[in-house]
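Next comes structure-v9.pdb, with PDB, C-alpha atoms, pLDDT in the B column.
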ATOM      1  CA  MET U 207       9.988   0.565   1.320  1.00 46.00           C
ATOM      2  CA  ASP U 208       7.909   2.663  -1.041  1.00 48.00           C
ATOM      3  CA  THR U 209       4.267   1.838  -0.231  1.00 63.00           C
ATOM      4  CA  ASP U 210       2.922   3.746  -3.226  1.00 91.00           C
ATOM      5  CA  THR U 211       4.343   1.267  -5.745  1.00 94.00           C
ATOM      6  CA  THR U 212       4.246  -2.493  -6.194  1.00 94.00           C
ATOM      7  CA  GLN U 213       7.129  -4.473  -7.580  1.00 95.00           C
ATOM      8  CA  LEU U 214       5.943  -6.971 -10.243  1.00 96.00           C
ATOM      9  CA  ALA U 215       7.665  -9.483 -12.491  1.00 96.00           C
ATOM     10  CA  CYS U 216       6.858  -9.378 -16.185  1.00 97.00           C
ATOM     11  CA  PRO U 217       5.372 -12.761 -17.187  1.00 97.00           C
ATOM     12  CA  HIS U 218       7.141 -12.498 -20.564  1.00 97.00           C
ATOM     13  CA  CYS U 219      10.744 -11.415 -19.887  1.00 98.00           C
ATOM     14  CA  LEU U 220      10.746 -11.806 -16.054  1.00 97.00           C
ATOM     15  CA  SER U 221      12.182  -8.336 -15.478  1.00 97.00           C
ATOM     16  CA  ILE U 222      11.015  -6.570 -12.342  1.00 96.00           C
ATOM     17  CA  ASN U 223       8.823  -3.487 -12.812  1.00 97.00           C
ATOM     18  CA  ARG U 224       7.799  -0.930 -10.206  1.00 96.00           C
ATOM     19  CA  VAL U 225       4.159   0.038 -10.821  1.00 96.00           C
ATOM     20  CA  PRO U 226       2.313   2.827  -8.969  1.00 96.00           C
ATOM     21  CA  ASP U 227      -0.487   1.229  -6.958  1.00 93.00           C
ATOM     22  CA  ALA U 228      -3.009   3.668  -8.430  1.00 93.00           C
ATOM     23  CA  ARG U 229      -2.092   2.411 -11.933  1.00 94.00           C
ATOM     24  CA  LEU U 230      -2.292  -1.365 -11.353  1.00 93.00           C
ATOM     25  CA  GLY U 231      -5.709  -1.525 -13.007  1.00 92.00           C
ATOM     26  CA  ASP U 232      -4.577   0.491 -16.056  1.00 95.00           C
ATOM     27  CA  ASP U 233      -3.065  -2.450 -17.982  1.00 94.00           C
ATOM     28  CA  PRO U 234       0.560  -1.624 -17.085  1.00 97.00           C
ATOM     29  CA  LYS U 235       3.292  -2.597 -19.557  1.00 97.00           C
ATOM     30  CA  CYS U 236       6.767  -3.930 -18.918  1.00 98.00           C
ATOM     31  CA  GLY U 237       9.421  -1.242 -19.109  1.00 97.00           C
ATOM     32  CA  ARG U 238      11.833  -3.704 -20.700  1.00 97.00           C
ATOM     33  CA  CYS U 239       9.887  -5.717 -23.289  1.00 98.00           C
ATOM     34  CA  GLY U 240       6.696  -3.622 -23.624  1.00 98.00           C
ATOM     35  CA  HIS U 241       4.286  -6.530 -23.070  1.00 98.00           C
ATOM     36  CA  GLY U 242       1.429  -6.308 -20.575  1.00 97.00           C
ATOM     37  CA  LEU U 243       2.239  -7.247 -16.984  1.00 97.00           C
ATOM     38  CA  PHE U 244      -1.107  -9.042 -16.742  1.00 96.00           C
ATOM     39  CA  THR U 245      -2.482 -11.576 -19.203  1.00 95.00           C
ATOM     40  CA  GLY U 246      -5.988 -12.281 -17.899  1.00 95.00           C
ATOM     41  CA  MET U 247      -5.041 -15.969 -17.779  1.00 97.00           C
ATOM     42  CA  PRO U 248      -3.211 -18.116 -15.227  1.00 98.00           C
ATOM     43  CA  LEU U 249       0.510 -18.380 -15.909  1.00 98.00           C
ATOM     44  CA  ALA U 250       2.477 -21.625 -15.926  1.00 98.00           C
ATOM     45  CA  LEU U 251       4.754 -21.700 -12.870  1.00 98.00           C
ATOM     46  CA  THR U 252       8.131 -23.175 -13.788  1.00 98.00           C
ATOM     47  CA  ALA U 253      11.584 -23.454 -12.282  1.00 97.00           C
ATOM     48  CA  LYS U 254      12.603 -20.676 -14.676  1.00 97.00           C
ATOM     49  CA  ASN U 255      10.007 -18.090 -13.555  1.00 97.00           C
ATOM     50  CA  ALA U 256       9.304 -19.093  -9.923  1.00 96.00           C
ATOM     51  CA  GLU U 257      11.912 -16.795  -8.397  1.00 95.00           C
ATOM     52  CA  ALA U 258      10.695 -13.723 -10.286  1.00 95.00           C
ATOM     53  CA  LEU U 259       6.970 -14.397  -9.802  1.00 96.00           C
ATOM     54  CA  LEU U 260       7.099 -15.564  -6.180  1.00 96.00           C
ATOM     55  CA  LEU U 261      10.228 -14.189  -4.533  1.00 94.00           C
ATOM     56  CA  LYS U 262      10.865 -10.847  -6.247  1.00 94.00           C
ATOM     57  CA  SER U 263       7.293  -9.651  -6.815  1.00 95.00           C
ATOM     58  CA  GLU U 264       5.231  -8.111  -4.043  1.00 94.00           C
ATOM     59  CA  GLN U 265       1.933  -9.341  -5.366  1.00 93.00           C
ATOM     60  CA  PRO U 266      -0.264 -11.992  -3.731  1.00 96.00           C
ATOM     61  CA  VAL U 267      -0.153 -15.172  -5.840  1.00 98.00           C
ATOM     62  CA  ILE U 268      -2.616 -18.057  -5.945  1.00 98.00           C
ATOM     63  CA  ILE U 269      -0.894 -21.309  -6.934  1.00 98.00           C
ATOM     64  CA  ASP U 270      -2.846 -24.249  -8.352  1.00 98.00           C
ATOM     65  CA  ALA U 271      -0.740 -27.437  -8.202  1.00 98.00           C
ATOM     66  CA  TRP U 272      -2.269 -29.903 -10.667  1.00 98.00           C
ATOM     67  CA  ALA U 273      -1.615 -32.802 -13.045  1.00 98.00           C
ATOM     68  CA  GLY U 274      -3.173 -33.669 -16.393  1.00 97.00           C
ATOM     69  CA  TRP U 275      -4.327 -37.111 -15.213  1.00 98.00           C
ATOM     70  CA  CYS U 276      -6.195 -35.635 -12.202  1.00 98.00           C
ATOM     71  CA  GLY U 277      -9.952 -35.390 -12.838  1.00 97.00           C
ATOM     72  CA  PRO U 278     -10.652 -32.905 -10.020  1.00 98.00           C
ATOM     73  CA  CYS U 279      -7.743 -30.775 -11.297  1.00 98.00           C
ATOM     74  CA  ARG U 280      -9.252 -30.628 -14.769  1.00 98.00           C
ATOM     75  CA  SER U 281     -12.724 -29.819 -13.441  1.00 97.00           C
ATOM     76  CA  PHE U 282     -11.311 -27.018 -11.258  1.00 98.00           C
ATOM     77  CA  ALA U 283      -9.339 -25.390 -14.117  1.00 98.00           C
ATOM     78  CA  PRO U 284     -12.276 -23.262 -15.408  1.00 98.00           C
ATOM     79  CA  VAL U 285     -12.997 -22.007 -11.866  1.00 98.00           C
ATOM     80  CA  PHE U 286      -9.346 -21.016 -11.468  1.00 98.00           C
ATOM     81  CA  ALA U 287      -9.296 -19.266 -14.861  1.00 98.00           C
ATOM     82  CA  THR U 288     -12.514 -17.360 -14.104  1.00 98.00           C
ATOM     83  CA  ALA U 289     -11.165 -16.236 -10.722  1.00 98.00           C
ATOM     84  CA  CYS U 290      -8.045 -14.993 -12.504  1.00 98.00           C
ATOM     85  CA  GLN U 291     -10.148 -12.905 -14.873  1.00 97.00           C
ATOM     86  CA  ARG U 292     -12.108 -11.442 -11.951  1.00 97.00           C
ATOM     87  CA  LEU U 293      -9.276 -10.768  -9.503  1.00 97.00           C
ATOM     88  CA  GLU U 294      -6.277  -9.834 -11.606  1.00 96.00           C
ATOM     89  CA  PRO U 295      -4.370  -7.458 -11.055  1.00 95.00           C
ATOM     90  CA  GLN U 296      -4.975  -7.636  -7.287  1.00 94.00           C
ATOM     91  CA  PHE U 297      -3.736 -11.230  -7.408  1.00 97.00           C
ATOM     92  CA  ARG U 298      -1.524 -13.202  -9.792  1.00 97.00           C
ATOM     93  CA  PHE U 299      -2.725 -16.725 -10.669  1.00 98.00           C
ATOM     94  CA  VAL U 300      -0.235 -19.465 -11.547  1.00 98.00           C
ATOM     95  CA  LYS U 301      -0.573 -23.161 -12.324  1.00 98.00           C
ATOM     96  CA  LEU U 302       2.117 -25.610 -11.243  1.00 98.00           C
ATOM     97  CA  ASP U 303       2.081 -28.752 -13.424  1.00 98.00           C
ATOM     98  CA  THR U 304       3.458 -31.280 -10.941  1.00 98.00           C
ATOM     99  CA  GLU U 305       4.313 -33.738 -13.716  1.00 98.00           C
ATOM    100  CA  ALA U 306       6.334 -31.200 -15.730  1.00 98.00           C
ATOM    101  CA  GLU U 307       7.945 -29.578 -12.656  1.00 98.00           C
ATOM    102  CA  PRO U 308       8.452 -32.385 -10.083  1.00 98.00           C
ATOM    103  CA  GLN U 309      11.307 -30.612  -8.297  1.00 98.00           C
ATOM    104  CA  LEU U 310       9.256 -27.444  -7.848  1.00 98.00           C
ATOM    105  CA  ALA U 311       6.282 -29.534  -6.673  1.00 98.00           C
ATOM    106  CA  SER U 312       8.590 -31.180  -4.128  1.00 98.00           C
ATOM    107  CA  GLN U 313       9.788 -27.779  -2.872  1.00 97.00           C
ATOM    108  CA  PHE U 314       6.146 -26.863  -2.236  1.00 97.00           C
ATOM    109  CA  ARG U 315       5.537 -30.220  -0.493  1.00 97.00           C
ATOM    110  CA  ILE U 316       2.646 -31.116  -2.796  1.00 98.00           C
ATOM    111  CA  GLN U 317       1.094 -34.345  -1.492  1.00 96.00           C
ATOM    112  CA  SER U 318      -2.375 -34.318  -3.018  1.00 97.00           C
ATOM    113  CA  LEU U 319      -4.001 -32.815  -6.079  1.00 98.00           C
ATOM    114  CA  PRO U 320      -5.215 -30.283  -6.646  1.00 98.00           C
ATOM    115  CA  THR U 321      -3.435 -28.264  -3.974  1.00 98.00           C
ATOM    116  CA  LEU U 322      -4.068 -24.526  -3.736  1.00 98.00           C
ATOM    117  CA  ILE U 323      -1.510 -22.278  -2.116  1.00 98.00           C
ATOM    118  CA  ALA U 324      -2.055 -18.638  -1.192  1.00 98.00           C
ATOM    119  CA  TRP U 325       1.347 -16.961  -1.457  1.00 98.00           C
ATOM    120  CA  GLN U 326       2.392 -13.464  -0.452  1.00 96.00           C
ATOM    121  CA  GLY U 327       5.322 -12.071  -2.380  1.00 89.00           C
ATOM    122  CA  SER U 328       7.659  -9.418  -1.030  1.00 84.00           C
ATOM    123  CA  ARG U 329      10.774  -7.603  -2.180  1.00 73.00           C
ATOM    124  CA  ASP U 330      12.981  -9.864  -0.060  1.00 75.00           C
ATOM    125  CA  GLY U 331      11.257 -13.182  -0.770  1.00 84.00           C
ATOM    126  CA  GLY U 332       7.802 -14.480  -0.069  1.00 92.00           C
ATOM    127  CA  HIS U 333       5.909 -16.913   2.082  1.00 96.00           C
ATOM    128  CA  GLU U 334       2.933 -19.235   2.086  1.00 97.00           C
ATOM    129  CA  VAL U 335      -0.171 -17.723   3.646  1.00 97.00           C
ATOM    130  CA  ALA U 336      -2.622 -20.628   3.378  1.00 98.00           C
ATOM    131  CA  ARG U 337      -3.078 -24.019   1.715  1.00 98.00           C
ATOM    132  CA  SER U 338      -6.070 -26.118   0.735  1.00 98.00           C
ATOM    133  CA  SER U 339      -6.357 -29.500  -0.943  1.00 97.00           C
ATOM    134  CA  GLY U 340      -9.139 -30.421  -3.331  1.00 97.00           C
ATOM    135  CA  ALA U 341     -11.194 -28.672  -5.959  1.00 97.00           C
ATOM    136  CA  MET U 342     -13.915 -26.265  -4.855  1.00 97.00           C
ATOM    137  CA  PRO U 343     -16.768 -24.390  -6.510  1.00 98.00           C
ATOM    138  CA  MET U 344     -16.331 -20.709  -7.333  1.00 98.00           C
ATOM    139  CA  PRO U 345     -18.083 -19.271  -4.232  1.00 98.00           C
ATOM    140  CA  ALA U 346     -15.984 -21.426  -1.894  1.00 98.00           C
ATOM    141  CA  PHE U 347     -12.795 -20.594  -3.809  1.00 98.00           C
ATOM    142  CA  MET U 348     -13.475 -16.859  -3.656  1.00 98.00           C
ATOM    143  CA  GLN U 349     -14.196 -17.154   0.074  1.00 98.00           C
ATOM    144  CA  TRP U 350     -10.975 -19.137   0.599  1.00 98.00           C
ATOM    145  CA  ILE U 351      -8.962 -16.407  -1.150  1.00 98.00           C
ATOM    146  CA  ALA U 352     -10.616 -13.656   0.896  1.00 98.00           C
ATOM    147  CA  THR U 353     -10.103 -15.537   4.172  1.00 97.00           C
ATOM    148  CA  SER U 354      -6.509 -16.466   3.332  1.00 97.00           C
ATOM    149  CA  TYR U 355      -5.540 -12.831   2.846  1.00 96.00           C
ATOM    150  CA  GLY U 356      -7.630 -11.443   5.703  1.00 95.00           C
ATOM    151  CA  LEU U 357     -10.138  -9.755   3.412  1.00 93.00           C
ATOM    152  CA  ALA U 358     -13.212 -11.482   4.820  1.00 76.00           C
TER     153      ALA U 358
END
Is it possible to express this structure as C-alpha cells?
Amino acid sequence: MDTDTTQLACPHCLSINRVPDARLGDDPKCGRCGHGLFTGMPLALTAKNAEALLLKSEQPVIIDAWAGWCGPCRSFAPVFATACQRLEPQFRFVKLDTEAEPQLASQFRIQSLPTLIAWQGSRDGGHEVARSSGAMPMPAFMQWIATSYGLA
C-alpha cells in the first residue's frame, strides 16, 4: 500500500482518485470530472454513493444519521456543518437521512436519532470506529471525533 497517497471518492461522479497526502489541503480536483473532491459541506449518504464514500475511500468519515422530524437532529445540523468546514479534508462528513434511505439506516443498525458514527475507510472496505447517540455541542463533538480516532 502506498502510504504517500490517499484514495478518495469524488462526491460528484464517484470515481476513485489517488491524491498525494501532501496535497490534500490544496483543493484537489477529480481526475475524471474535474470537480473538487471536497465541498466544504456535508454530503448526503445514499445507497448509490455509500460504497464509494465508505468502502473504497481511505478517508475517515463522520456519519450523522438523522430525520427531518427529529428536533435534536435539526438543532445539531449547524454543529455538524461547522465541524465539516473546520475538519475537511482530514475527515469527510456525510448525512444519512433515515427516512429517505431506510435500508441503509437498517444496515447501520440505527436505533435512535441522531446517531453519529465514526467510520474509517480503507482500500479493501471500511469499519466503524465509534458510535454515539444524541446531539452534542461543538466542543463535545470535536472531542468525540478526536477520541474516536485516537487523536486526543
(message) Selection in question (the file shown): the PyMOL selection byres ((chain U and resi 246-254) around 12). Which residues does it include, as a VMD selection string?
(response) chain U and resid 215 to 220 231 233 242 to 245 255 to 260 267 to 272 283 to 314
Only C-alpha atoms, please: the residues just picked out, written as a PDB file, in the frame of the given file.
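The resulting file, result_19.pdb, is reproduced below:
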ATOM      1  CA  ALA U 215       7.665  -9.483 -12.491  1.00 96.00           C
ATOM      2  CA  CYS U 216       6.858  -9.378 -16.185  1.00 97.00           C
ATOM      3  CA  PRO U 217       5.372 -12.761 -17.187  1.00 97.00           C
ATOM      4  CA  HIS U 218       7.141 -12.498 -20.564  1.00 97.00           C
ATOM      5  CA  CYS U 219      10.744 -11.415 -19.887  1.00 98.00           C
ATOM      6  CA  LEU U 220      10.746 -11.806 -16.054  1.00 97.00           C
ATOM      7  CA  GLY U 231      -5.709  -1.525 -13.007  1.00 92.00           C
ATOM      8  CA  ASP U 233      -3.065  -2.450 -17.982  1.00 94.00           C
ATOM      9  CA  GLY U 242       1.429  -6.308 -20.575  1.00 97.00           C
ATOM     10  CA  LEU U 243       2.239  -7.247 -16.984  1.00 97.00           C
ATOM     11  CA  PHE U 244      -1.107  -9.042 -16.742  1.00 96.00           C
ATOM     12  CA  THR U 245      -2.482 -11.576 -19.203  1.00 95.00           C
ATOM     13  CA  ASN U 255      10.007 -18.090 -13.555  1.00 97.00           C
ATOM     14  CA  ALA U 256       9.304 -19.093  -9.923  1.00 96.00           C
ATOM     15  CA  GLU U 257      11.912 -16.795  -8.397  1.00 95.00           C
ATOM     16  CA  ALA U 258      10.695 -13.723 -10.286  1.00 95.00           C
ATOM     17  CA  LEU U 259       6.970 -14.397  -9.802  1.00 96.00           C
ATOM     18  CA  LEU U 260       7.099 -15.564  -6.180  1.00 96.00           C
ATOM     19  CA  VAL U 267      -0.153 -15.172  -5.840  1.00 98.00           C
ATOM     20  CA  ILE U 268      -2.616 -18.057  -5.945  1.00 98.00           C
ATOM     21  CA  ILE U 269      -0.894 -21.309  -6.934  1.00 98.00           C
ATOM     22  CA  ASP U 270      -2.846 -24.249  -8.352  1.00 98.00           C
ATOM     23  CA  ALA U 271      -0.740 -27.437  -8.202  1.00 98.00           C
ATOM     24  CA  TRP U 272      -2.269 -29.903 -10.667  1.00 98.00           C
ATOM     25  CA  ALA U 283      -9.339 -25.390 -14.117  1.00 98.00           C
ATOM     26  CA  PRO U 284     -12.276 -23.262 -15.408  1.00 98.00           C
ATOM     27  CA  VAL U 285     -12.997 -22.007 -11.866  1.00 98.00           C
ATOM     28  CA  PHE U 286      -9.346 -21.016 -11.468  1.00 98.00           C
ATOM     29  CA  ALA U 287      -9.296 -19.266 -14.861  1.00 98.00           C
ATOM     30  CA  THR U 288     -12.514 -17.360 -14.104  1.00 98.00           C
ATOM     31  CA  ALA U 289     -11.165 -16.236 -10.722  1.00 98.00           C
ATOM     32  CA  CYS U 290      -8.045 -14.993 -12.504  1.00 98.00           C
ATOM     33  CA  GLN U 291     -10.148 -12.905 -14.873  1.00 97.00           C
ATOM     34  CA  ARG U 292     -12.108 -11.442 -11.951  1.00 97.00           C
ATOM     35  CA  LEU U 293      -9.276 -10.768  -9.503  1.00 97.00           C
ATOM     36  CA  GLU U 294      -6.277  -9.834 -11.606  1.00 96.00           C
ATOM     37  CA  PRO U 295      -4.370  -7.458 -11.055  1.00 95.00           C
ATOM     38  CA  GLN U 296      -4.975  -7.636  -7.287  1.00 94.00           C
ATOM     39  CA  PHE U 297      -3.736 -11.230  -7.408  1.00 97.00           C
ATOM     40  CA  ARG U 298      -1.524 -13.202  -9.792  1.00 97.00           C
ATOM     41  CA  PHE U 299      -2.725 -16.725 -10.669  1.00 98.00           C
ATOM     42  CA  VAL U 300      -0.235 -19.465 -11.547  1.00 98.00           C
ATOM     43  CA  LYS U 301      -0.573 -23.161 -12.324  1.00 98.00           C
ATOM     44  CA  LEU U 302       2.117 -25.610 -11.243  1.00 98.00           C
ATOM     45  CA  ASP U 303       2.081 -28.752 -13.424  1.00 98.00           C
ATOM     46  CA  THR U 304       3.458 -31.280 -10.941  1.00 98.00           C
ATOM     47  CA  GLU U 305       4.313 -33.738 -13.716  1.00 98.00           C
ATOM     48  CA  ALA U 306       6.334 -31.200 -15.730  1.00 98.00           C
ATOM     49  CA  GLU U 307       7.945 -29.578 -12.656  1.00 98.00           C
ATOM     50  CA  PRO U 308       8.452 -32.385 -10.083  1.00 98.00           C
ATOM     51  CA  GLN U 309      11.307 -30.612  -8.297  1.00 98.00           C
ATOM     52  CA  LEU U 310       9.256 -27.444  -7.848  1.00 98.00           C
ATOM     53  CA  ALA U 311       6.282 -29.534  -6.673  1.00 98.00           C
ATOM     54  CA  SER U 312       8.590 -31.180  -4.128  1.00 98.00           C
ATOM     55  CA  GLN U 313       9.788 -27.779  -2.872  1.00 97.00           C
ATOM     56  CA  PHE U 314       6.146 -26.863  -2.236  1.00 97.00           C
TER      57      PHE U 314
END
Could you put an axis-aligned box around every listed atom of region 333-351 of chain U, padded by 3 Å on each side, and send me its centre and edge lengths in Å to one decimal, as lines of an AutoDock Vina configuration file?
center_x = -6.1
center_y = -23.4
center_z = -1.8
size_x = 30.0
size_y = 20.0
size_z = 17.0
(request) Would you translate the PyMOL selection byres ((chain U and resi 226) around 7) into the concrete set of residues it matches in this file, as number ranges by chain? (result) U: 210-212, 224-225, 227-230
(message) Residue by residue, what does the PyMOL selection byres ((chain U and resi 323) around 7) grab here? Present the result as a list in words.
(response)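 So the PyMOL selection byres ((chain U and resi 323) around 7) ends up selecting Ile268, Ile269, Asp270, Thr321, Leu322, Ala324, Trp325, Glu334, Ala336, Arg337 and Ser338 of chain U.
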For the selection just defined, write its residues with C-alpha atoms to a file, as a PDB file, keeping the file's coordinate frame.
ATOM      1  CA  ILE U 268      -2.616 -18.057  -5.945  1.00 98.00           C
ATOM      2  CA  ILE U 269      -0.894 -21.309  -6.934  1.00 98.00           C
ATOM      3  CA  ASP U 270      -2.846 -24.249  -8.352  1.00 98.00           C
ATOM      4  CA  THR U 321      -3.435 -28.264  -3.974  1.00 98.00           C
ATOM      5  CA  LEU U 322      -4.068 -24.526  -3.736  1.00 98.00           C
ATOM      6  CA  ALA U 324      -2.055 -18.638  -1.192  1.00 98.00           C
ATOM      7  CA  TRP U 325       1.347 -16.961  -1.457  1.00 98.00           C
ATOM      8  CA  GLU U 334       2.933 -19.235   2.086  1.00 97.00           C
ATOM      9  CA  ALA U 336      -2.622 -20.628   3.378  1.00 98.00           C
ATOM     10  CA  ARG U 337      -3.078 -24.019   1.715  1.00 98.00           C
ATOM     11  CA  SER U 338      -6.070 -26.118   0.735  1.00 98.00           C
TER      12      SER U 338
END
(message) Calculated over all atoms listed in the file, which of the candidates U:Asp330, U:Asp232, U:Pro266, U:Leu214 has the smallest distance to Ile351 (chain U)?
(response) U:Pro266
From the structure block, carefully write region 215-231 of chain U out with C-alpha atoms; format it as a PDB file, in the first residue's frame.
ATOM      1  CA  ALA U 215     -14.116   9.057  -3.976  1.00  0.00           C
ATOM      2  CA  CYS U 216     -15.304  12.072  -5.926  1.00  0.00           C
ATOM      3  CA  PRO U 217     -18.598  13.276  -4.390  1.00  0.00           C
ATOM      4  CA  HIS U 218     -19.850  14.196  -7.880  1.00  0.00           C
ATOM      5  CA  CYS U 219     -19.059  11.256 -10.192  1.00  0.00           C
ATOM      6  CA  LEU U 220     -17.979   8.703  -7.517  1.00  0.00           C
ATOM      7  CA  SER U 221     -14.759   7.827  -9.334  1.00  0.00           C
ATOM      8  CA  ILE U 222     -11.812   6.945  -7.131  1.00  0.00           C
ATOM      9  CA  ASN U 223      -8.879   9.381  -7.117  1.00  0.00           C
ATOM     10  CA  ARG U 224      -5.422   8.866  -5.645  1.00  0.00           C
ATOM     11  CA  VAL U 225      -4.302  12.127  -4.010  1.00  0.00           C
ATOM     12  CA  PRO U 226      -0.812  12.751  -2.580  1.00  0.00           C
ATOM     13  CA  ASP U 227      -1.167  13.266   1.168  1.00  0.00           C
ATOM     14  CA  ALA U 228       0.838  16.492   0.970  1.00  0.00           C
ATOM     15  CA  ARG U 229      -1.748  17.880  -1.496  1.00  0.00           C
ATOM     16  CA  LEU U 230      -4.971  17.038   0.385  1.00  0.00           C
ATOM     17  CA  GLY U 231      -5.304  20.624   1.594  1.00  0.00           C
TER      18      GLY U 231
END
